[in-house]
Every structure is written in structure tokens, then in C-alpha cells.
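What follows is the content of entry32.csv (CSV, C-alpha atoms).
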chain,number,residue,atom,x,y,z
P,827,MET,CA,-31.6,-34.9,13.4
P,828,ASN,CA,-30.5,-32.3,16.0
P,829,PRO,CA,-27.8,-30.3,14.2
P,830,PRO,CA,-25.6,-27.8,16.0
P,831,VAL,CA,-26.5,-24.2,16.0
P,832,THR,CA,-23.3,-22.7,17.2
P,833,TRP,CA,-19.7,-23.7,16.4
P,834,LEU,CA,-16.9,-21.8,18.1
P,835,TYR,CA,-13.3,-21.6,16.8
P,836,VAL,CA,-10.5,-21.3,19.3
P,837,PRO,CA,-6.8,-21.0,18.2
P,838,GLY,CA,-4.8,-24.2,18.8
P,839,ASP,CA,-1.9,-22.2,20.1
P,840,ARG,CA,-4.0,-20.7,22.9
P,841,PRO,CA,-4.6,-23.7,25.2
P,842,GLU,CA,-5.6,-21.4,28.1
P,843,ARG,CA,-8.8,-20.6,26.0
P,844,PHE,CA,-9.8,-24.2,25.4
P,845,GLY,CA,-11.7,-24.6,28.7
P,846,LYS,CA,-13.4,-21.2,28.3
P,847,ALA,CA,-14.5,-22.2,24.8
P,848,VAL,CA,-16.0,-25.5,26.1
P,849,ALA,CA,-17.9,-23.5,28.8
P,850,SER,CA,-19.2,-20.9,26.4
P,851,GLY,CA,-22.4,-22.6,25.5
P,852,ALA,CA,-21.3,-23.5,22.0
P,853,ASP,CA,-22.7,-26.7,20.6
P,854,VAL,CA,-19.3,-27.5,19.0
P,855,VAL,CA,-15.8,-26.2,19.8
P,856,ILE,CA,-13.3,-26.2,17.0
P,857,LEU,CA,-9.6,-26.3,17.9
P,858,ASP,CA,-8.1,-24.5,15.0
P,859,LEU,CA,-4.7,-25.6,13.7
P,860,GLU,CA,-5.0,-23.8,10.4
P,861,ASP,CA,-5.8,-20.1,9.7
P,862,ALA,CA,-5.7,-18.9,13.3
P,863,VAL,CA,-2.2,-20.2,14.0
P,864,ALA,CA,1.1,-18.7,12.7
P,865,PRO,CA,3.3,-21.2,10.8
P,866,ALA,CA,6.0,-21.2,13.4
P,867,ARG,CA,3.5,-22.3,16.1
P,868,LYS,CA,1.6,-25.0,14.2
P,869,ASP,CA,3.5,-27.9,15.7
P,870,GLU,CA,2.8,-26.5,19.2
P,871,ALA,CA,-0.8,-26.0,18.3
P,872,ARG,CA,-1.1,-29.7,17.3
P,873,ALA,CA,0.5,-30.8,20.5
P,874,ASN,CA,-1.9,-28.6,22.5
P,875,ALA,CA,-4.9,-30.1,20.7
P,876,VAL,CA,-3.8,-33.7,21.3
P,877,ALA,CA,-3.1,-33.1,24.9
P,878,TYR,CA,-6.4,-31.4,25.5
P,879,LEU,CA,-8.4,-34.1,23.6
P,880,ARG,CA,-6.7,-36.8,25.7
P,881,SER,CA,-7.4,-35.0,28.9
P,882,ARG,CA,-11.1,-34.8,28.2
P,883,ALA,CA,-11.5,-38.3,26.8
P,884,ASP,CA,-13.4,-39.6,29.8
P,885,GLU,CA,-15.6,-36.5,30.3
P,886,PRO,CA,-19.3,-37.6,30.2
P,887,SER,CA,-20.8,-34.4,28.8
P,888,GLY,CA,-20.1,-31.1,27.2
P,889,PRO,CA,-20.0,-29.9,23.6
P,890,GLN,CA,-18.4,-31.8,20.8
P,891,VAL,CA,-14.8,-30.9,20.2
P,892,HIS,CA,-13.6,-30.8,16.6
P,893,VAL,CA,-10.2,-29.9,15.1
P,894,ARG,CA,-9.6,-28.0,11.9
P,895,VAL,CA,-6.5,-29.5,10.5
P,896,ASN,CA,-4.2,-27.9,7.9
P,897,ASP,CA,-4.6,-28.6,4.2
P,898,LEU,CA,-4.4,-32.3,3.5
P,899,SER,CA,-2.5,-31.7,0.3
P,900,ALA,CA,0.6,-31.0,2.4
P,901,GLY,CA,2.4,-33.1,4.9
P,902,ARG,CA,1.5,-31.0,7.8
P,903,GLY,CA,-2.2,-31.5,7.3
P,904,ARG,CA,-1.8,-35.3,7.0
P,905,ALA,CA,0.3,-35.2,10.2
P,906,ASP,CA,-2.5,-33.3,11.9
P,907,LEU,CA,-5.1,-35.8,10.8
P,908,GLU,CA,-3.0,-38.7,12.0
P,909,ALA,CA,-2.5,-37.1,15.4
P,910,VAL,CA,-6.1,-36.1,16.1
P,911,GLY,CA,-8.3,-38.3,13.9
P,912,GLU,CA,-9.0,-40.9,16.6
P,913,LEU,CA,-9.3,-38.4,19.4
P,914,ALA,CA,-11.6,-35.6,18.1
P,915,ASP,CA,-15.4,-35.8,17.7
P,916,GLY,CA,-14.9,-34.5,14.2
P,917,VAL,CA,-12.3,-33.1,11.9
P,918,ARG,CA,-12.8,-30.0,9.7
P,919,LEU,CA,-10.9,-30.2,6.4
P,920,PRO,CA,-10.0,-26.9,4.7
P,921,LYS,CA,-9.8,-26.3,1.0
P,922,VAL,CA,-11.4,-29.6,-0.1
P,923,GLU,CA,-11.4,-29.6,-3.9
P,924,SER,CA,-11.9,-33.3,-4.8
P,925,PRO,CA,-13.5,-36.3,-3.2
P,926,ALA,CA,-10.2,-38.2,-3.6
P,927,VAL,CA,-8.6,-36.5,-0.6
P,928,LEU,CA,-11.4,-37.8,1.6
P,929,ASP,CA,-10.1,-41.3,1.1
P,930,LEU,CA,-7.4,-40.4,3.6
P,931,ILE,CA,-10.0,-40.0,6.4
P,932,ALA,CA,-10.4,-42.6,9.1
P,933,GLY,CA,-11.7,-42.2,12.6
P,934,ALA,CA,-13.6,-39.0,13.3
P,935,PRO,CA,-16.4,-37.7,11.1
P,936,ALA,CA,-15.1,-35.3,8.4
P,937,TYR,CA,-16.6,-31.9,7.6
P,938,ALA,CA,-15.4,-30.6,4.3
P,939,LEU,CA,-14.9,-26.8,3.8
P,940,LEU,CA,-15.5,-25.6,0.3
P,941,GLU,CA,-13.2,-22.6,-0.1
P,942,SER,CA,-12.4,-22.4,-3.8
P,943,ALA,CA,-13.9,-22.5,-7.3
P,944,ALA,CA,-12.7,-26.1,-7.7
P,945,GLY,CA,-14.4,-27.0,-4.4
P,946,ILE,CA,-17.7,-25.6,-5.5
P,947,VAL,CA,-17.5,-27.4,-8.9
P,948,ALA,CA,-16.9,-30.7,-7.1
P,949,ALA,CA,-19.3,-30.0,-4.3
P,950,ARG,CA,-21.8,-32.7,-5.3
P,951,GLU,CA,-19.2,-35.5,-5.4
P,952,ILE,CA,-17.6,-34.2,-2.1
P,953,ALA,CA,-20.9,-34.2,-0.3
P,954,ALA,CA,-21.7,-37.7,-1.5
P,955,HIS,CA,-18.4,-39.2,-0.2
P,956,PRO,CA,-19.2,-41.8,2.6
P,957,ARG,CA,-16.7,-40.2,5.0
P,958,VAL,CA,-18.3,-36.8,4.9
P,959,ALA,CA,-20.5,-35.9,7.8
P,960,GLY,CA,-21.2,-32.3,6.6
P,961,VAL,CA,-20.1,-29.5,4.3
P,962,ALA,CA,-19.7,-25.7,4.7
P,963,LEU,CA,-18.4,-22.7,2.8
P,964,GLY,CA,-15.2,-20.9,3.5
P,965,GLU,CA,-16.6,-17.7,2.2
P,966,GLN,CA,-13.7,-15.3,2.7
P,967,ASP,CA,-11.3,-17.4,0.7
P,968,LEU,CA,-13.9,-18.2,-1.9
P,969,ALA,CA,-14.9,-14.5,-2.4
P,970,ALA,CA,-11.3,-13.5,-2.7
P,971,GLU,CA,-10.5,-16.1,-5.3
P,972,LEU,CA,-13.6,-15.2,-7.4
P,973,ALA,CA,-13.4,-11.4,-6.8
P,974,VAL,CA,-17.0,-11.6,-5.8
P,975,THR,CA,-18.3,-8.6,-3.8
P,976,ASP,CA,-22.0,-8.8,-4.6
P,977,GLU,CA,-24.2,-10.5,-2.0
P,978,HIS,CA,-26.6,-11.9,-4.6
P,979,ALA,CA,-23.7,-13.7,-6.2
P,980,MET,CA,-22.6,-15.1,-2.8
P,981,ASN,CA,-26.2,-16.2,-2.2
P,982,HIS,CA,-26.1,-18.2,-5.5
P,983,LEU,CA,-23.0,-20.1,-4.2
P,984,ARG,CA,-24.6,-20.6,-0.8
P,985,LEU,CA,-27.7,-22.1,-2.4
P,986,GLN,CA,-25.6,-24.5,-4.4
P,987,VAL,CA,-24.1,-25.9,-1.2
P,988,VAL,CA,-27.4,-26.1,0.6
P,989,LEU,CA,-28.7,-28.1,-2.4
P,990,VAL,CA,-25.9,-30.6,-2.6
P,991,ALA,CA,-25.9,-31.1,1.2
P,992,ALA,CA,-29.6,-31.9,1.2
P,993,ALA,CA,-29.3,-34.2,-1.8
P,994,ALA,CA,-26.6,-36.1,-0.1
P,995,GLY,CA,-28.7,-36.5,3.1
P,996,LEU,CA,-26.2,-34.3,5.1
P,997,PRO,CA,-27.2,-32.0,8.0
P,998,PRO,CA,-28.0,-28.4,7.0
P,999,VAL,CA,-25.1,-26.2,6.0
P,1000,PRO,CA,-23.9,-23.8,8.8
P,1001,MET,CA,-23.0,-20.2,7.9
P,1002,SER,CA,-19.4,-19.0,7.6
P,1003,VAL,CA,-17.9,-16.7,10.3
P,1004,HIS,CA,-18.9,-13.0,10.7
P,1005,PRO,CA,-15.5,-11.4,11.2
P,1006,HIS,CA,-16.7,-8.2,12.9
P,1007,VAL,CA,-17.0,-9.3,16.5
P,1008,GLU,CA,-18.5,-6.1,17.8
P,1009,ASP,CA,-21.1,-5.8,15.0
P,1010,GLU,CA,-23.9,-7.7,16.7
P,1011,ALA,CA,-26.6,-6.1,14.7
P,1012,GLY,CA,-24.9,-7.0,11.5
P,1013,LEU,CA,-24.4,-10.5,12.7
P,1014,LEU,CA,-28.1,-10.9,13.6
P,1015,ALA,CA,-29.2,-9.5,10.2
P,1016,SER,CA,-26.8,-11.7,8.4
P,1017,CYS,CA,-27.9,-14.9,10.3
P,1018,ARG,CA,-31.5,-14.2,9.5
P,1019,ALA,CA,-30.8,-13.7,5.8
P,1020,GLY,CA,-28.8,-17.0,5.8
P,1021,ARG,CA,-31.6,-18.8,7.5
P,1022,ALA,CA,-34.0,-17.7,4.8
P,1023,LEU,CA,-31.7,-19.4,2.3
P,1024,GLY,CA,-31.8,-22.7,4.1
P,1025,LEU,CA,-28.5,-22.3,6.0
P,1026,PHE,CA,-28.7,-23.3,9.6
P,1027,GLY,CA,-26.4,-22.3,12.5
P,1028,ARG,CA,-23.1,-20.5,12.3
P,1029,THR,CA,-19.4,-20.7,13.2
P,1030,ALA,CA,-18.2,-18.0,15.6
P,1031,ILE,CA,-14.8,-16.5,16.4
P,1032,HIS,CA,-15.7,-15.1,19.8
P,1033,PRO,CA,-18.1,-16.3,22.6
P,1034,ARG,CA,-20.0,-13.1,22.6
P,1035,GLN,CA,-21.4,-14.0,19.1
P,1036,ILE,CA,-23.0,-17.2,20.4
P,1037,PRO,CA,-26.2,-15.7,22.0
P,1038,VAL,CA,-26.7,-13.6,18.9
P,1039,ILE,CA,-26.5,-16.7,16.6
P,1040,ARG,CA,-28.9,-18.6,18.9
P,1041,ARG,CA,-31.4,-15.8,18.8
P,1042,ALA,CA,-31.2,-15.5,15.1
P,1043,PHE,CA,-32.0,-19.2,14.5
P,1044,ARG,CA,-34.7,-19.5,17.2
P,1045,PRO,CA,-38.2,-19.5,15.6
P,1046,ASP,CA,-40.2,-16.5,16.5
P,1047,ASP,CA,-43.5,-16.7,18.3
P,1048,ASP,CA,-45.6,-16.6,15.2
P,1049,GLU,CA,-43.6,-19.4,13.6
P,1050,VAL,CA,-43.9,-21.5,16.8
P,1051,ALA,CA,-47.7,-20.9,17.0
P,1052,ARG,CA,-48.2,-22.0,13.4
P,1053,ALA,CA,-46.0,-25.0,13.8
P,1054,ALA,CA,-47.8,-26.0,17.0
P,1055,GLU,CA,-51.2,-25.8,15.2
P,1056,ILE,CA,-49.9,-28.1,12.5
P,1057,VAL,CA,-48.5,-30.6,15.0
P,1058,GLU,CA,-51.8,-30.6,16.9
P,1059,ALA,CA,-53.8,-31.2,13.7
P,1060,ALA,CA,-51.5,-34.1,12.8
P,1061,GLU,CA,-51.8,-35.6,16.2
P,1062,GLN,CA,-55.6,-35.3,16.0
P,1063,ALA,CA,-55.6,-37.0,12.6
P,1064,GLU,CA,-53.5,-39.8,14.1
P,1065,ARG,CA,-55.8,-40.2,17.1
P,1066,THR,CA,-58.9,-40.4,14.9
P,1067,ASP,CA,-57.2,-42.3,12.0
P,1068,THR,CA,-58.7,-39.8,9.5
P,1069,GLY,CA,-55.7,-39.8,7.2
P,1070,ALA,CA,-55.9,-36.2,5.8
P,1071,ILE,CA,-54.6,-33.5,8.0
P,1072,ALA,CA,-56.7,-30.4,8.0
P,1073,LEU,CA,-56.0,-27.1,9.9
P,1074,PRO,CA,-58.8,-25.1,11.5
P,1075,ASP,CA,-58.8,-22.7,8.6
P,1076,GLY,CA,-59.5,-25.5,6.2
P,1077,ARG,CA,-56.1,-25.9,4.7
P,1078,PHE,CA,-54.7,-29.4,4.3
P,1079,VAL,CA,-51.0,-30.2,5.0
P,1080,ASP,CA,-48.9,-33.2,4.1
P,1081,ALA,CA,-46.2,-35.2,5.9
P,1082,PRO,CA,-43.2,-33.0,5.0
P,1083,ILE,CA,-45.0,-29.9,6.4
P,1084,VAL,CA,-45.8,-31.8,9.6
P,1085,ALA,CA,-42.2,-32.9,10.0
P,1086,ARG,CA,-40.9,-29.4,9.5
P,1087,ALA,CA,-43.4,-28.1,12.1
P,1088,ARG,CA,-42.2,-30.7,14.6
P,1089,ARG,CA,-38.6,-29.6,14.0
P,1090,THR,CA,-39.7,-26.0,14.5
P,1091,VAL,CA,-41.3,-26.7,17.9
P,1092,ALA,CA,-38.4,-28.8,19.0
P,1093,LEU,CA,-35.9,-26.1,18.0
P,1094,ALA,CA,-37.8,-23.4,19.8
P,1095,ARG,CA,-37.7,-25.4,23.0
P,1096,ARG,CA,-34.0,-26.1,22.5
P,1097,LEU,CA,-33.1,-22.5,22.1
P,1098,ALA,CA,-35.7,-21.0,24.5
P,1099,ASP,CA,-33.1,-20.3,27.2
P,1100,PRO,CA,-29.5,-19.1,26.9
P,1101,PRO,CA,-26.9,-21.8,27.2
P,1102,SER,CA,-25.2,-22.3,30.6
P,1103,SER,CA,-21.8,-20.6,30.8
P,1104,ASP,CA,-19.2,-19.8,33.5
P,1105,GLY,CA,-18.2,-16.7,31.4

Rewrite the structure from the file as C-alpha cells, please.
Amino acid sequence: MNPPVTWLYVPGDRPERFGKAVASGADVVILDLEDAVAPARKDEARANAVAYLRSRADEPSGPQVHVRVNDLSAGRGRADLEAVGELADGVRLPKVESPAVLDLIAGAPAYALLESAAGIVAAREIAAHPRVAGVALGEQDLAAELAVTDEHAMNHLRLQVVLVAAAAGLPPVPMSVHPHVEDEAGLLASCRAGRALGLFGRTAIHPRQIPVIRRAFRPDDDEVARAAEIVEAAEQAERTDTGAIALPDGRFVDAPIVARARRTVALARRLADPPSSDG
């Protein structure tokens, strides 16, 4: 599994930004037809997304391009899904509160956004739905509904979603957006705190946030050294067919620890250099 680290939103009514977003170094670009677009421009945004997705259908490389559609409980959201579902690499579904709505999905993999109390309560069933490729929190809407201002309370909700995603065999849960674009120190600290909770990667609303997110989720030198030591011990055990894996300090490790160490080494290599970008 090689999950994305950076996901970049771009408003669907700003097609002149689509190419720049794709060149930003983000792992996934999300054409947003929902919150970033005024109601009067949503049809235009949908048309822009369809035109762009068709224009790049034969491109051999580049980031994945997803589309965040409007709420599927309304006609506009269903029209969005019908228009982009076979063209996008993934569709992000806002305000998912029941697995029943996921039965509408065909074509692109679906990523369910849990943005309400009902969504959190139904998170286990939503994550287990066969059409769901991933789940994430919509933290601003959720906090507003619950009137939650305490970070410890939000962490409790985040951990619930981390748990249900892991139980369903889904990729790790990415963090919600950091709305203060110029607060790079706050973004870095927030990412590191989320990483400690088991969250992985983050959605961004501006390209300048991408290098900060990458840096936050890159293992540090000590983590890489410890992981490399475990990998070397595992490979030595495999070469000698000794079974038990012992580290130089006498500690024994088992298969899940080795698997995590290998992921750490691979992630460090993947994030060692900044992504290519034309600015």
C-alpha cells in the first residue's frame, strides 16, 4: 500500500488553476464542486471538471485527479456523480451519513467524508461498504454541529475514524484541511500531532502547504535508522533461516513490527526530495 500524502483542493469554477494544481507536486488533485463553489456557478464548475477530465484521459502520468461532488441527497450531487463518475480517478462524497447512499456509486472509487454526528455514528458501516476506497473527516462542519472546541474531544473523534478505517482494511485516514494558509508552523505542528494519532497525509487548500505536509509526514533520521536496523535484522534472519528476529541490543521483534519498519524506510525514500513543480 502506497497511500497519498498530499491531496490538493482546487475550485471547480477556476479551470485556469487545474493545470497548476496538477503540477504542484500533490499526490492527488481534487476538483471541488461543493464548498469552494458558489451556488450560481456549480453547473459551470461541473462542466469545467468534465472537460478537464476528458482532456487528460490519455495522459500517461501525473497525480490522480478526484472530484468532490455535491451532497448526493440532492439532485445536483447525483448529476455531478453521473457526469464525472466514469472519468475521475476517484469521487469524494460529502456529508455521508448512511451506507445506503453508497449504493448509488458506480465507476470511480469513492471516498466518504464524515462531517456530521450521524456520519460518525454510522462510520463503521460506511467504511465497510464495498464501494468505499477510503474515509476522512470533515472537521470544520463536524465541530460546528457538535459545538466542539476542545482538541482532546476532536482527537477522540479522529481516533474513532482511524479505528474503523483500519478495521475495514482501508488506507490510513488523511487529515482535514488547515484553513490558515500562511500559518506554516501551525500546519507543521498540527500534522505531527495527527501523525501521532495514526492519521496519514493531509488535504491542502494551497500549493504552498504541500512541502510542509510532506516534511511533517516524512520519518526523521532516528526513525529511519531504527527501521533500517529492524529490516536488516529481518533480512539476516531470512538468509540464515533462524526464524526469530533479534536486534543487536537483544530485543526480539515480530512480523508486524518488521512490516512497519519496511514501510518507514520506503516512505522516507519517497519523501526524501521535494516533488517536481513548475511553480

Residues within 6 Å of (-32.5, -27.5, 3.0), file coords, only C-alpha atoms, listed as a ChimeraX atom specification: /P:988,992,1024

Residues from last step as file, C-alpha atoms, as a PDB file, in the frame of the given file:
ATOM      1  CA  VAL P 988     -27.400 -26.100   0.600  1.00  0.00           C
ATOM      2  CA  ALA P 992     -29.600 -31.900   1.200  1.00  0.00           C
ATOM      3  CA  GLY P1024     -31.800 -22.700   4.100  1.00  0.00           C
TER       4      GLY P1024
END

Exercise: Leu913 of chain P partners within 12 Å, all atoms listed in the file, chain neighbours under 6 positions left out, as a PyMOL selection string: chain P and resi 875-884+890-893+906-907+932-935

Kindly save the residues from that selection, with C-alpha atoms included, as a PDB file, keeping the file's coordinate frame.
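Now in again38.pdb:
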ATOM      1  CA  ALA P 875      -4.900 -30.100  20.700  1.00  0.00           C
ATOM      2  CA  VAL P 876      -3.800 -33.700  21.300  1.00  0.00           C
ATOM      3  CA  ALA P 877      -3.100 -33.100  24.900  1.00  0.00           C
ATOM      4  CA  TYR P 878      -6.400 -31.400  25.500  1.00  0.00           C
ATOM      5  CA  LEU P 879      -8.400 -34.100  23.600  1.00  0.00           C
ATOM      6  CA  ARG P 880      -6.700 -36.800  25.700  1.00  0.00           C
ATOM      7  CA  SER P 881      -7.400 -35.000  28.900  1.00  0.00           C
ATOM      8  CA  ARG P 882     -11.100 -34.800  28.200  1.00  0.00           C
ATOM      9  CA  ALA P 883     -11.500 -38.300  26.800  1.00  0.00           C
ATOM     10  CA  ASP P 884     -13.400 -39.600  29.800  1.00  0.00           C
ATOM     11  CA  GLN P 890     -18.400 -31.800  20.800  1.00  0.00           C
ATOM     12  CA  VAL P 891     -14.800 -30.900  20.200  1.00  0.00           C
ATOM     13  CA  HIS P 892     -13.600 -30.800  16.600  1.00  0.00           C
ATOM     14  CA  VAL P 893     -10.200 -29.900  15.100  1.00  0.00           C
ATOM     15  CA  ASP P 906      -2.500 -33.300  11.900  1.00  0.00           C
ATOM     16  CA  LEU P 907      -5.100 -35.800  10.800  1.00  0.00           C
ATOM     17  CA  ALA P 932     -10.400 -42.600   9.100  1.00  0.00           C
ATOM     18  CA  GLY P 933     -11.700 -42.200  12.600  1.00  0.00           C
ATOM     19  CA  ALA P 934     -13.600 -39.000  13.300  1.00  0.00           C
ATOM     20  CA  PRO P 935     -16.400 -37.700  11.100  1.00  0.00           C
TER      21      PRO P 935
END

Grab the atom CA of Ala959 of chain P to atom CA of Ala936 of chain P distance for me, in Å with one decimal place. 5.5 Å

Distance in Å - atom CA of Ala953 of chain P versus atom CA of Gly1020 of chain P: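 Rounded to one decimal, the two atoms are 19.9 Å apart.
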
Which residues, written as a PyMOL selection string, have at least one atom at most 12 Å from Ala1015 of chain P, with all atoms listed in the file counted and residues fewer than 6 positions away on the same chain left out? chain P and resi 1004+1009+1021-1022+1038-1039+1041-1043

Go ahead and compute the interatomic distance for atom CA of Val987 of chain P and atom CA of Asn896 of chain P, in Å to one decimal.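 Calculated distance between atom CA of Val987 of chain P and atom CA of Asn896 of chain P is 22.0 Å.
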
Can you list, as a list in words, every protein, DNA or RNA residue that comes within 12 Å of Ala1085 of chain P when you count all atoms listed in the file, leaving out same-chain residues fewer than 6 positions away?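 Contacts, in chain order: Met827, Ala1053, Ala1054, Ile1056, Val1057, Ala1060, Glu1061, Val1079, Val1091 and Ala1092 of chain P.
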
Selection file, C-alpha atoms, as a short mmCIF file (atom, residue, chain, number, x, y, z; two decimals), in the coordinates of the input:
data_model
loop_
_atom_site.label_atom_id
_atom_site.label_comp_id
_atom_site.auth_asym_id
_atom_site.auth_seq_id
_atom_site.Cartn_x
_atom_site.Cartn_y
_atom_site.Cartn_z
CA MET P 827 -31.60 -34.90 13.40
CA ALA P 1053 -46.00 -25.00 13.80
CA ALA P 1054 -47.80 -26.00 17.00
CA ILE P 1056 -49.90 -28.10 12.50
CA VAL P 1057 -48.50 -30.60 15.00
CA ALA P 1060 -51.50 -34.10 12.80
CA GLU P 1061 -51.80 -35.60 16.20
CA VAL P 1079 -51.00 -30.20 5.00
CA VAL P 1091 -41.30 -26.70 17.90
CA ALA P 1092 -38.40 -28.80 19.00
#

Under the rule that only C-alpha atoms are counted, which of P:Gln986, P:Ser1002, P:Thr1029, P:Ser942 is the nearest residue to Ala973 of chain P? P:Ser942

Dig up all the protein and nucleic acid residues within 10 Å of (-19.4, -19.0, 14.6) in the file frame, using all atoms listed in the file, and format them as a VMD selection string. chain P and resid 831 to 835 852 854 to 856 1000 to 1005 1027 to 1036 1039

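Among P:Gly903, P:Gly916, P:Pro925, P:Pro1037, the residue with the shortest atom-to-atom distance to Ala949 of chain P, counting only C-alpha atoms, is P:Pro925.
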
Just want the 12 Å neighbourhood of Glu870 of chain P, counted on all atoms listed in the file, with same-chain residues fewer than 4 positions away dropped. Output as a ChimeraX atom specification. /P:837-841,858-859,863-866,874-877,906

Distance criterion (only C-alpha atoms): nearest to Ser850 of chain P out of P:Val990, P:Pro889, P:Arg867, P:Phe1078: P:Pro889

Considering only C-alpha atoms, state which residue in the set P:Gly964, P:Gly845, P:Gly945, P:Pro829 is at the smallest distance from Ala926 of chain P.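 Counting only C-alpha atoms, the residue closest to Ala926 of chain P is P:Gly945.
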